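Structure file upload-v8.cif (mmCIF, C-alpha atoms) is printed below.
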```cif
data_protein
#
loop_
_atom_site.label_atom_id
_atom_site.label_comp_id
_atom_site.auth_asym_id
_atom_site.auth_seq_id
_atom_site.Cartn_x
_atom_site.Cartn_y
_atom_site.Cartn_z
CA MET A 46 1.19 22.77 -25.26
CA VAL A 47 0.98 25.27 -22.40
CA SER A 48 2.33 22.79 -19.84
CA LYS A 49 5.65 22.74 -21.66
CA PHE A 50 6.26 26.44 -21.20
CA ILE A 51 8.22 27.66 -18.24
CA ILE A 52 6.11 29.41 -15.64
CA GLY A 53 6.98 32.81 -14.30
CA PHE A 54 8.48 33.22 -10.89
CA VAL A 55 5.99 33.30 -8.04
CA GLY A 56 8.00 35.41 -5.64
CA LEU A 57 10.18 35.08 -2.62
CA LEU A 58 10.27 31.87 -0.63
CA SER A 59 7.48 32.04 1.89
CA VAL A 60 8.14 31.59 5.58
CA GLN A 61 4.43 31.41 6.32
CA ALA A 62 3.21 28.17 7.81
CA PHE A 63 0.58 26.15 5.98
CA ALA A 64 1.63 27.17 2.47
CA CYS A 65 4.17 25.93 -0.04
CA GLN A 66 5.24 28.55 -2.53
CA TRP A 67 7.44 28.11 -5.56
CA PRO A 68 10.98 29.31 -4.72
CA ASP A 69 12.33 32.32 -6.56
CA ASN A 70 14.67 31.55 -9.49
CA THR A 71 13.43 27.96 -9.88
CA PRO A 72 11.77 27.51 -13.28
CA ALA A 73 9.56 24.51 -14.08
CA PRO A 74 6.84 23.67 -16.55
CA ALA A 75 3.46 24.63 -15.14
CA ASP A 76 2.07 21.09 -14.84
CA ARG A 77 5.09 19.85 -12.87
CA ALA A 78 5.16 22.90 -10.62
CA ARG A 79 1.46 22.41 -9.83
CA GLU A 80 1.99 18.73 -8.91
CA ILE A 81 5.07 19.53 -6.81
CA LEU A 82 3.23 22.28 -4.92
CA THR A 83 0.31 19.92 -4.29
CA ALA A 84 2.65 17.25 -2.96
CA CYS A 85 4.43 19.80 -0.77
CA ASP A 86 1.10 20.85 0.73
CA ARG A 87 0.29 17.19 1.38
CA ILE A 88 3.69 16.67 3.05
CA ASN A 89 3.02 19.58 5.39
CA ASP A 90 -0.53 18.40 6.08
CA GLU A 91 0.88 15.04 7.18
CA ARG A 92 3.60 16.68 9.25
CA ARG A 93 1.12 18.99 10.99
CA TYR A 94 -1.14 16.03 11.75
CA ALA A 95 1.89 14.35 13.38
CA GLY A 96 2.70 17.51 15.38
CA LEU A 97 5.77 18.41 13.30
CA ASP A 98 6.88 21.68 11.71
CA ASP A 99 6.26 22.36 8.02
CA LEU A 100 9.05 21.76 5.53
CA ILE A 101 10.20 24.63 3.33
CA LEU A 102 10.21 24.01 -0.41
CA ASP A 103 13.83 24.68 -1.37
CA GLY A 104 14.76 25.58 -4.95
CA ARG A 105 18.19 23.96 -4.69
CA LEU A 106 16.65 20.67 -3.58
CA ILE A 107 14.15 20.92 -6.44
CA VAL A 108 17.09 21.08 -8.86
CA VAL A 109 18.69 17.98 -7.27
CA ALA A 110 15.40 16.04 -7.25
CA GLN A 111 14.49 17.09 -10.80
CA GLY A 112 17.93 16.10 -12.04
CA HIS A 113 17.59 12.60 -10.59
CA ALA A 114 14.04 12.16 -11.95
CA GLN A 115 15.15 13.19 -15.43
CA ASP A 116 18.31 11.06 -15.27
CA MET A 117 16.28 7.96 -14.32
CA SER A 118 13.93 8.61 -17.24
CA ASP A 119 16.62 9.45 -19.79
CA ARG A 120 18.74 6.40 -18.93
CA ASN A 121 15.82 4.05 -18.20
CA TYR A 122 16.54 3.01 -14.62
CA PHE A 123 14.68 3.30 -11.33
CA SER A 124 16.87 3.41 -8.24
CA HIS A 125 18.14 5.59 -5.43
CA VAL A 126 21.59 4.80 -6.83
CA SER A 127 22.65 6.01 -10.29
CA PRO A 128 24.49 3.64 -12.65
CA GLU A 129 27.72 5.37 -11.51
CA GLY A 130 26.92 4.59 -7.88
CA TRP A 131 25.80 8.09 -6.86
CA ARG A 132 23.32 8.32 -3.97
CA VAL A 133 21.32 11.32 -2.79
CA PHE A 134 24.25 12.40 -0.58
CA ASP A 135 26.58 12.44 -3.59
CA ARG A 136 24.09 14.43 -5.66
CA LEU A 137 23.68 17.00 -2.88
CA ARG A 138 27.46 17.38 -2.56
CA ALA A 139 27.82 17.72 -6.34
CA TYR A 140 25.39 20.67 -6.21
CA GLY A 141 27.32 22.21 -3.31
CA MET A 142 24.49 21.65 -0.83
CA PRO A 143 25.54 21.59 2.82
CA PHE A 144 23.64 19.08 4.96
CA TRP A 145 23.88 16.98 8.12
CA SER A 146 20.99 14.70 7.30
CA ALA A 147 19.26 13.90 4.04
CA GLY A 148 16.77 11.44 2.63
CA GLU A 149 15.13 10.58 -0.64
CA ASN A 150 11.86 9.05 -1.78
CA ILE A 151 11.35 7.84 -5.34
CA ALA A 152 8.33 6.46 -7.14
CA ILE A 153 7.41 5.53 -10.69
CA GLY A 154 4.13 5.42 -12.54
CA GLU A 155 1.83 7.47 -10.31
CA SER A 156 -0.23 9.95 -12.30
CA SER A 157 -0.78 12.61 -9.63
CA ALA A 158 0.65 14.13 -6.48
CA TRP A 159 -2.28 12.73 -4.51
CA GLN A 160 -1.59 9.20 -5.72
CA VAL A 161 2.15 9.32 -5.09
CA MET A 162 1.68 10.82 -1.62
CA ASN A 163 -0.88 8.15 -0.71
CA ASP A 164 1.56 5.46 -1.84
CA TRP A 165 4.48 7.00 0.05
CA MET A 166 2.44 7.45 3.23
CA GLY A 167 1.45 3.78 3.00
CA SER A 168 5.10 2.68 2.97
CA PRO A 169 6.94 2.74 6.33
CA GLY A 170 10.30 3.84 4.88
CA HIS A 171 8.86 6.61 2.72
CA ARG A 172 6.57 7.74 5.53
CA ALA A 173 9.59 7.96 7.85
CA ASN A 174 11.28 10.39 5.44
CA ILE A 175 8.15 12.53 5.07
CA LEU A 176 7.80 12.70 8.86
CA GLY A 177 11.55 12.93 9.55
CA GLN A 178 12.11 15.17 12.56
CA SER A 179 15.58 16.24 11.45
CA PHE A 180 14.39 17.50 8.06
CA ARG A 181 13.58 21.19 7.51
CA ARG A 182 13.59 21.46 3.70
CA VAL A 183 12.24 19.48 0.77
CA GLY A 184 12.59 19.51 -2.99
CA MET A 185 10.67 17.48 -5.51
CA GLY A 186 11.22 16.48 -9.09
CA LEU A 187 8.90 14.92 -11.64
CA TRP A 188 9.82 13.67 -15.08
CA ASN A 189 8.00 11.12 -17.21
CA TYR A 190 6.16 9.65 -14.20
CA ARG A 191 9.36 9.42 -12.14
CA TRP A 192 8.83 11.18 -8.79
CA VAL A 193 11.68 12.20 -6.49
CA GLN A 194 11.55 13.87 -3.09
CA VAL A 195 14.80 15.06 -1.50
CA PHE A 196 14.81 16.00 2.17
CA SER A 197 17.50 17.87 4.07
CA ASP A 198 18.08 19.56 7.41
#
```

Could you spell out this file's structure in structure tokens?
Amino acid sequence: MVSKFIIGFVGLLSVQAFACQWPDNTPAPADRAREILTACDRINDERRYAGLDDLILDGRLIVVAQGHAQDMSDRNYFSHVSPEGWRVFDRLRAYGMPFWSAGENIAIGESSAWQVMNDWMGSPGHRANILGQSFRRVGMGLWNYRWVQVFSD
């Protein structure tokens, strides 16, 4: 199936407002990349509507988010905390990511970026992360209907 093949690299990370582009050197199957880009556009639509700056889609945060989504699927759990007690802050440190502030949204079962974003925007805690004023970057992961957003300054 075509969606299982790794897509080619789109190019350098864009600094243009109003557009999420796939970061260089971040491979993903085409269907997941499409859903992540759609969700990123929706995040920035919501942020613009609230008078906030766009978030930049960060390849390193994609790796962290994708790792957590796949881990939850592979080990059959659904939590911000891994069975070993690791939280988003621990995962970021393990990947060598510097940060002052970070947040994470997770969801399970939604079939599209539109559905998961509608659900997150309807939840005060998830909405607060999406509209977090201290956040500048975002990464998303998707694996077996497990959605993860990781935010960082």

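Here CA of Ile153 (chain A) is placed at a distance of 23.0 Å from CA of Leu100 (chain A).
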
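Separating CA of Ile88 (chain A) from CA of Arg191 (chain A) is a distance of 17.8 Å.
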
Please identify every residue of region 157-183 of chain A that has at least one atom no farther than 12 Å from an atom of region 129-145 of chain A, counting all atoms listed in the file, and for each give the shortest atom pair and the distance in Å to one decimal, arranged by chain then increasing number, as CSV.
```
residue,atom,partner,partner_atom,distance
A:Ser179,CA,A:Trp145,CA,9.0
A:Phe180,CA,A:Trp145,CA,9.5
A:Arg181,CA,A:Phe144,CA,10.6
A:Arg182,CA,A:Phe144,CA,10.4
```

So that I can see what lies close to region 172-178 of chain A, please list as a PDB file with C-alpha atoms, in the coordinates of the input the residues with an atom at most 6 Å from it, counting all atoms listed in the file and leaving out residues fewer than 6 positions away in the same chain.
```pdb
ATOM      1  CA  ARG A  92       3.600  16.680   9.250  1.00  0.00           C
ATOM      2  CA  TRP A 165       4.480   7.000   0.050  1.00  0.00           C
ATOM      3  CA  MET A 166       2.440   7.450   3.230  1.00  0.00           C
TER       4      MET A 166
END
```

Distance criterion (all atoms listed in the file): nearest to Ala152 (chain A) out of A:Gly96, A:Gly186, A:Pro128, A:Gly104: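 Answer, going by the shortest atom-to-atom distance: A:Gly186.
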
For Gly184 (chain A): contacts at 10 Å, only C-alpha atoms, fewer than 2 positions along chain excluded, given as a PDB file with C-alpha atoms, keeping the file's coordinate frame:
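The result, written out as selection_22.pdb:
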```
ATOM      1  CA  ILE A  81       5.070  19.530  -6.810  1.00  0.00           C
ATOM      2  CA  LEU A  82       3.230  22.280  -4.920  1.00  0.00           C
ATOM      3  CA  CYS A  85       4.430  19.800  -0.770  1.00  0.00           C
ATOM      4  CA  LEU A 100       9.050  21.760   5.530  1.00  0.00           C
ATOM      5  CA  ILE A 101      10.200  24.630   3.330  1.00  0.00           C
ATOM      6  CA  LEU A 102      10.210  24.010  -0.410  1.00  0.00           C
ATOM      7  CA  ASP A 103      13.830  24.680  -1.370  1.00  0.00           C
ATOM      8  CA  GLY A 104      14.760  25.580  -4.950  1.00  0.00           C
ATOM      9  CA  ARG A 105      18.190  23.960  -4.690  1.00  0.00           C
ATOM     10  CA  LEU A 106      16.650  20.670  -3.580  1.00  0.00           C
ATOM     11  CA  ILE A 107      14.150  20.920  -6.440  1.00  0.00           C
ATOM     12  CA  VAL A 108      17.090  21.080  -8.860  1.00  0.00           C
ATOM     13  CA  VAL A 109      18.690  17.980  -7.270  1.00  0.00           C
ATOM     14  CA  ALA A 110      15.400  16.040  -7.250  1.00  0.00           C
ATOM     15  CA  GLN A 111      14.490  17.090 -10.800  1.00  0.00           C
ATOM     16  CA  GLU A 149      15.130  10.580  -0.640  1.00  0.00           C
ATOM     17  CA  ARG A 182      13.590  21.460   3.700  1.00  0.00           C
ATOM     18  CA  GLY A 186      11.220  16.480  -9.090  1.00  0.00           C
ATOM     19  CA  VAL A 193      11.680  12.200  -6.490  1.00  0.00           C
ATOM     20  CA  GLN A 194      11.550  13.870  -3.090  1.00  0.00           C
ATOM     21  CA  VAL A 195      14.800  15.060  -1.500  1.00  0.00           C
ATOM     22  CA  PHE A 196      14.810  16.000   2.170  1.00  0.00           C
ATOM     23  CA  SER A 197      17.500  17.870   4.070  1.00  0.00           C
TER      24      SER A 197
END
```

Answer as an NGL selection string, residues within 12 Å of (0.9, 9.4, -7.9) using only C-alpha atoms: :A and (80-81 or 83-84 or 151-166 or 187 or 189-193)

Between CA of Leu97 (chain A) and CA of Trp188 (chain A), distance in Å (one decimal):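 Straight-line distance from CA of Leu97 (chain A) to CA of Trp188 (chain A) works out to 29.1 Å.
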
Of the listed residues A:Val126, A:His171, A:Ala114, A:Ser146, that which approaches Arg77 (chain A) most closely, counting all atoms listed in the file: A:Ala114

Nearest residue to Ser168 (chain A) from the set A:Asp76, A:Ser124, A:Arg87, A:Asn150 (distances using only C-alpha atoms):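 Of A:Asp76, A:Ser124, A:Arg87, A:Asn150, the one nearest Ser168 (chain A), counting only C-alpha atoms, is A:Asn150.
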